[in-house]
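Report on the following structure.
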Amino acid sequence: MKVILLRFGELFLKGANRKVFERALVKNIKDKLSGLGYSFQETFGRYVISKFREEDLDELVDKLKTVFGLHSLSIAEELEATPEAIREFVSKINIGKKTFKVSVKRADKHFPISSMEFSKDLGGIIFHNTQDAVVDLYHPQIEVCVDIRFNNKAYVYTDTIMCQGGLPLGTSGDALLLLSGGIDSPVAGYMMAKRGLNLEALHFHSYPYTSEQAKEKVLTLAKKLGKYCGKIKLHIISFTKVQEEIHKNCAPEFMITIMRRIMMRVAERICEKNKLGAIITGESLGQVASQTMQSITVTNAVLKEKPVFRPCLGMDKEEIIAISNKIDCFETSILPYEDCCTVFLPKNPVIKPTIGHCLKEESFLNVEELVEYALSSEEIVEI
Amino acid sequence: MIYLDNAATTKMDESLIEVYKSFSCDKFFNASAGYSVALKNAKQLEEAKQILLKKLNANSGDIIFTACATESNNLAIQGSVKNGNWEYIFSKGEHPSVYNIAKMLEEQGQKVYYINLQKNGEIDYNQLEKLINEKTRLVSTMFVSNETGAINDINRIVNIIKGKNKRTIIHVDGVQGFCKIPISLSKTQIDLFSISAHKFHGPKGVGALYVRNKALLKPLLYGGGQEFNLRSGTENLAGIMAMVRECERIDILKNLENVRKLREQFLSNIDLNMVNYISTESPYIISLNFPGVNGETLMRALEDKVIIGTGSACSSKKAGNRILEAMGFTKEYAKQSVRVSFNAYQTESEIVEAAKIIMQVYKDLYERLK
């Protein structure tokens, strides 16, 4: 019977909590595969998906490849774990004109033949049955793997497909991703979701200075992230008035700095209201004026409690773009719609702001009122 | 909501639904088939061509129906490309459906030249004259600019070109002029002229190309050999009949008179101490400049009440305005520009109201952004 054999990532490192992680992983897998017919079986150290329709195989594999916490999968033949059954199946394998090796793994040591012996035995059968096959133990073109598990089953396969790795979604808690519409923020969200964080997202728009298309673009990005992260609750905040007030009352070079300090305050309030444990941003150190060490210091300083996770901080743009492409966000991210950070953009934004400077500029504003005003514009979209 | 983006598209006249229905559900037969009901449709198609030729004041040449002006432009230009050492000339003011063909030809290694625009949006006629030589295969310039309403002096262009090389093919993108500004193809040696139905209250998905000499053109689509072998594919008879019905109904001079009044009323309700506009010939289109406010921002701030454009809808996703910049305006000026375009059936009172709303919203934005 053809099955999909699933291996999980670093869950095996977990001690007493392993069950919690496994339960989350199983639930996430089942959520992802909902609507498809299959049977799911847990064996020690592996999950097995079977009894699916042949035409669903590609869709099953595609979906499983997006589940965080899965290390890899193989499309395998499930056999009774007896030497005879395995030999019989292997005898039908035709390698063609290729180099190969056989690797036997026995999780269940009750199997009567040692792994090494059985590998040689099966290799001999394949070699005998295939005229042009050549054994190569170091760099084989085909590796025939035989995995003998505790459920009295053996799994034979030749390919291993890598999955996302990481930790099951939700096992690290819930966090709020600041989603601008650019390249970096979806990547940051993906990276933290991979470490088990469930995402909600926050987008600031500045209509009519920014367009409806800019907002649509963020909805598209959230949808694309959803392929990996499941449903995303997107909080959309109008930032028009806040930006106009800063523009009117503060020094132009502080426009972005003060704006980001207010964004962080709004973000923390949304975290508190929605029980979210952290803020995620796509900042990359030194990429633009607002992402220097000093700028990050002053934006971080407004937060009372919540940590900010910045997984792109140490990455080059090229590295970020590579991930953006991998998660299919790049083409959307580069659509040329202005986001609220490009509206009122000063010619010379401050690169090394100090908290003292920021407090002075903010003294010209009623910050609390602006935060409240922004929060009152909140629109929520479940994607 | 007052719609002032008629250069992007116009509302289809509702009565055309009946025409469309009649040729889709009743007389739906393939005009290329051999039985008599189909032959009747073939005859209708022929009459439709005559109606367009009459509207173009053309006493020779043919009409080839297409799916849109973009297709007409592609057929006209790509269909005229010939092997050998030839030169192709385009104006810098062309719509993307011409301009991007020029770019493509350039990438293919063809010799392509671009004519500059004058400050009033018309092409630089002197430069055109200098560029024409015995190798010039084709010149493509538009009749009326979709961005500014500038009207190129087509007679002058034809005289310049044919005076230096009688064999040069002249293509005119007539989309914003056809059924709006009078043109007589019998008095001028234009070889190819593109039109589009939805710009004059006809249906979308229907265009046509006037062709003086079919022998000069090669098809882009191969198939059943419809449209003199130049545009294979079953003719969209329902769309074509709806287009020509609208075309017949239009009184160009009367409409022109009405739109002139609309334009005057509009401009007299705009504070021209604050707002700049480009003085051009077609009353259907005005390019306005609002200092201190991004054109797109103004467009969005207005959209619940008045709909205006920020230039060609076909290029509005791209940053900047190539054409205003080609006319010598700064990037900044271009960014602060919008396009207002009328149709002949609008009333003076709604135009006055629209102008007032535009001024009010602009002043408000100006204050907020100051």
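Identifiers for the structure tokens are assigned positionally: chains receive A, B, ... in sequence, residues are indexed from 1 per chain, and ligands are indexed from 1 in the order shown.
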
- [ ] Please determine the contact residues of chain B with respect to chain A at a cut-off of 10 Å, counting only C-alpha atoms, and supply them as JSON, numbers by chain.
- [x] {"B": [293, 294, 295, 296, 297, 298, 299, 300, 301, 302, 303, 317, 318, 319, 365, 367, 368, 369, 370]}

Export C-alpha atoms of the chosen residues as a PDB file, in the first residue's frame?
```
ATOM      1  CA  VAL B 293      -0.867  67.617  -3.751  1.00  0.00           C
ATOM      2  CA  ASN B 294      -0.068  64.249  -5.293  1.00  0.00           C
ATOM      3  CA  GLY B 295      -2.469  63.568  -8.182  1.00  0.00           C
ATOM      4  CA  GLU B 296      -3.221  60.073  -6.935  1.00  0.00           C
ATOM      5  CA  THR B 297      -4.035  61.384  -3.471  1.00  0.00           C
ATOM      6  CA  LEU B 298      -6.451  63.917  -4.957  1.00  0.00           C
ATOM      7  CA  MET B 299      -8.025  61.194  -7.090  1.00  0.00           C
ATOM      8  CA  ARG B 300      -8.633  59.004  -4.045  1.00  0.00           C
ATOM      9  CA  ALA B 301      -9.820  61.843  -1.848  1.00  0.00           C
ATOM     10  CA  LEU B 302     -12.396  62.687  -4.523  1.00  0.00           C
ATOM     11  CA  GLU B 303     -13.556  59.258  -5.553  1.00  0.00           C
ATOM     12  CA  LYS B 317      -0.011  51.255 -12.017  1.00  0.00           C
ATOM     13  CA  LYS B 318       3.372  52.587 -13.006  1.00  0.00           C
ATOM     14  CA  ALA B 319       5.071  55.437 -11.265  1.00  0.00           C
ATOM     15  CA  LEU B 365      -5.736  68.587   1.134  1.00  0.00           C
ATOM     16  CA  GLU B 367      -3.997  72.862   3.904  1.00  0.00           C
ATOM     17  CA  ARG B 368      -3.440  69.473   5.526  1.00  0.00           C
ATOM     18  CA  LEU B 369      -0.232  68.907   3.606  1.00  0.00           C
ATOM     19  CA  LYS B 370       1.177  72.404   3.922  1.00  0.00           C
TER      20      LYS B 370
END
```

If we count only C-alpha atoms, what is near A:Ile236 at a cut-off of 6 Å, once residues fewer than 4 positions away on the same chain are taken out, given as JSON, numbers by chain? {"A": [202, 203, 204, 378, 379]}

All strand (DSSP E or B) positions in stretch 87-212 of chain A, as a ChimeraX atom specification:
/A:99-106,134-135,142-148,153-157,161-162,167,173-178,195,197-205

In terms of only C-alpha atoms, the residue from B:Thr168, B:Gln50, B:Asn146, B:Asn269 at minimal distance from B:Val340 is B:Asn146

Surrounding residues of A:Val144 excluding itself and chain neighbours under 3 positions, 9 Å, only C-alpha atoms, as a ChimeraX atom specification
/A:90,100-104,123,156-159

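Across the structure, atom CA of A:Ala188 and atom CA of A:Glu216 are spaced 19.6 Å apart.
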
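With only C-alpha atoms taken into account, the protein and nucleic acid residues at most 8 Å from A:Phe309 (excluding it and anything under 4 positions from it in its own chain) are A:Met192, A:Ala278, A:Ile279, A:Ile280, A:Thr281.
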
Can you write out the residues you just picked, keeping C-alpha atoms, as a PDB file, in the first residue's frame?
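Okay, part18.pdb is ready:
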```pdb
ATOM      1  CA  MET A 192       8.613  33.520  13.556  1.00  0.00           C
ATOM      2  CA  ALA A 278       5.122  39.785  21.276  1.00  0.00           C
ATOM      3  CA  ILE A 279       5.501  42.155  18.359  1.00  0.00           C
ATOM      4  CA  ILE A 280       7.248  41.005  15.163  1.00  0.00           C
ATOM      5  CA  THR A 281       8.830  43.434  12.715  1.00  0.00           C
TER       6      THR A 281
END
```

Every residue of stretch 71-300 of chain B that DSSP places in helix (DSSP H, G or I), as a ChimeraX atom specification
/B:71-78,96-107,125-131,154-164,197-200,214-216,237-249,252-268,295-300

What's around A:Phe21 at 8 Å? Count only C-alpha atoms, leave out sequence neighbours fewer than 2 positions away in its own chain, and write the answer as a list in words.
Leu11, Asn17, Arg18, Lys19, Arg23, Ala24, Leu25, Leu167, Pro168 and Thr171 of chain A

Write the residues of the selection above to a file with C-alpha atoms, as a short mmCIF file (atom, residue, chain, number, x, y, z; two decimals), in the first residue's frame.
```
data_model
loop_
_atom_site.label_atom_id
_atom_site.label_comp_id
_atom_site.auth_asym_id
_atom_site.auth_seq_id
_atom_site.Cartn_x
_atom_site.Cartn_y
_atom_site.Cartn_z
CA LEU A 11 10.32 17.71 18.56
CA ASN A 17 6.55 18.54 26.85
CA ARG A 18 6.89 16.38 23.79
CA LYS A 19 3.27 15.26 23.96
CA ARG A 23 -0.65 17.01 19.76
CA ALA A 24 -0.29 20.47 18.21
CA LEU A 25 1.53 19.05 15.21
CA LEU A 167 8.06 23.99 15.61
CA PRO A 168 4.32 23.36 15.29
CA THR A 171 3.24 26.02 20.37
#
```

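Residues in contact with A:Glu77 at up to 9 Å, not including ones fewer than 6 positions away on its chain and judged by only C-alpha atoms, are Met1, Lys2, Val3, Ile4, Phe89, Ala154, Tyr155, Val156 and Tyr157 of chain A.
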
Selected residues, C-alpha atoms, written as a PDB file, in the first residue's frame, please.
```pdb
ATOM      1  CA  MET A   1       0.000   0.000   0.000  1.00  0.00           C
ATOM      2  CA  LYS A   2       1.299   3.419  -0.944  1.00  0.00           C
ATOM      3  CA  VAL A   3       1.604   5.776   2.040  1.00  0.00           C
ATOM      4  CA  ILE A   4       3.177   9.086   3.005  1.00  0.00           C
ATOM      5  CA  PHE A  89       8.812  -6.197  -2.903  1.00  0.00           C
ATOM      6  CA  ALA A 154       8.309  -1.702   7.016  1.00  0.00           C
ATOM      7  CA  TYR A 155       8.444   1.284   4.689  1.00  0.00           C
ATOM      8  CA  VAL A 156      10.383   1.236   1.447  1.00  0.00           C
ATOM      9  CA  TYR A 157      11.087   4.476  -0.408  1.00  0.00           C
TER      10      TYR A 157
END
```

Residue neighbourhood stretch 247-252 of chain B, 10 Å, only C-alpha atoms, exclusion window fewer than 4 positions, as a PyMOL selection string
chain B and resi 48+51-52+54-55+178-182+197+200-202+241-243+256-258+344

Keeping N, CA and C atoms, export the residues of the selection given above as a compact mmCIF listing (two decimals), in the first residue's frame.
```txt
# COMPACT_ATOMS: atom_id res chain seq x y z
N ALA B 48 -21.47 47.30 -41.82
CA ALA B 48 -20.82 47.91 -40.64
C ALA B 48 -19.51 48.58 -41.05
N ILE B 51 -20.19 51.83 -42.71
CA ILE B 51 -20.56 52.90 -41.76
C ILE B 51 -19.30 53.53 -41.15
N LEU B 52 -18.35 52.68 -40.78
CA LEU B 52 -17.11 53.21 -40.20
C LEU B 52 -16.33 54.02 -41.23
N LYS B 54 -17.49 55.62 -43.68
CA LYS B 54 -18.18 56.89 -43.89
C LYS B 54 -17.85 57.86 -42.76
N LYS B 55 -17.85 57.34 -41.54
CA LYS B 55 -17.55 58.20 -40.39
C LYS B 55 -16.12 58.73 -40.47
N PHE B 178 -11.56 59.57 -32.71
CA PHE B 178 -12.64 59.04 -33.54
C PHE B 178 -14.00 59.26 -32.89
N CYS B 179 -14.91 59.78 -33.68
CA CYS B 179 -16.27 60.11 -33.23
C CYS B 179 -16.28 61.30 -32.27
N LYS B 180 -15.14 61.98 -32.12
CA LYS B 180 -15.08 63.15 -31.24
C LYS B 180 -14.58 64.38 -31.99
N ILE B 181 -13.51 64.19 -32.76
CA ILE B 181 -12.92 65.30 -33.51
C ILE B 181 -13.05 64.92 -35.00
N PRO B 182 -13.53 65.83 -35.84
CA PRO B 182 -13.71 65.47 -37.25
C PRO B 182 -12.39 65.07 -37.91
N ALA B 197 -14.25 50.97 -29.67
CA ALA B 197 -15.68 51.26 -29.46
C ALA B 197 -15.99 51.85 -28.09
N PHE B 200 -16.34 55.67 -27.19
CA PHE B 200 -17.46 56.52 -27.61
C PHE B 200 -18.80 55.84 -27.33
N HIS B 201 -18.92 55.29 -26.12
CA HIS B 201 -20.18 54.72 -25.62
C HIS B 201 -20.57 53.41 -26.29
N GLY B 202 -19.63 52.78 -26.97
CA GLY B 202 -19.88 51.45 -27.52
C GLY B 202 -19.43 50.40 -26.51
N MET B 241 -21.85 45.32 -34.35
CA MET B 241 -23.10 45.99 -34.70
C MET B 241 -23.47 47.04 -33.66
N ALA B 242 -23.18 46.71 -32.38
CA ALA B 242 -23.46 47.70 -31.33
C ALA B 242 -22.56 48.92 -31.53
N MET B 243 -21.32 48.68 -31.87
CA MET B 243 -20.38 49.80 -32.09
C MET B 243 -20.87 50.70 -33.22
N LEU B 256 -19.18 68.23 -30.08
CA LEU B 256 -17.99 69.03 -29.87
C LEU B 256 -18.37 70.39 -29.26
N GLU B 257 -19.45 70.94 -29.80
CA GLU B 257 -19.94 72.22 -29.32
C GLU B 257 -20.33 72.11 -27.84
N ASN B 258 -21.04 71.04 -27.53
CA ASN B 258 -21.49 70.83 -26.15
C ASN B 258 -20.30 70.66 -25.20
N ALA B 344 -20.00 63.89 -24.14
CA ALA B 344 -20.87 64.90 -24.74
C ALA B 344 -22.25 64.95 -24.10
```
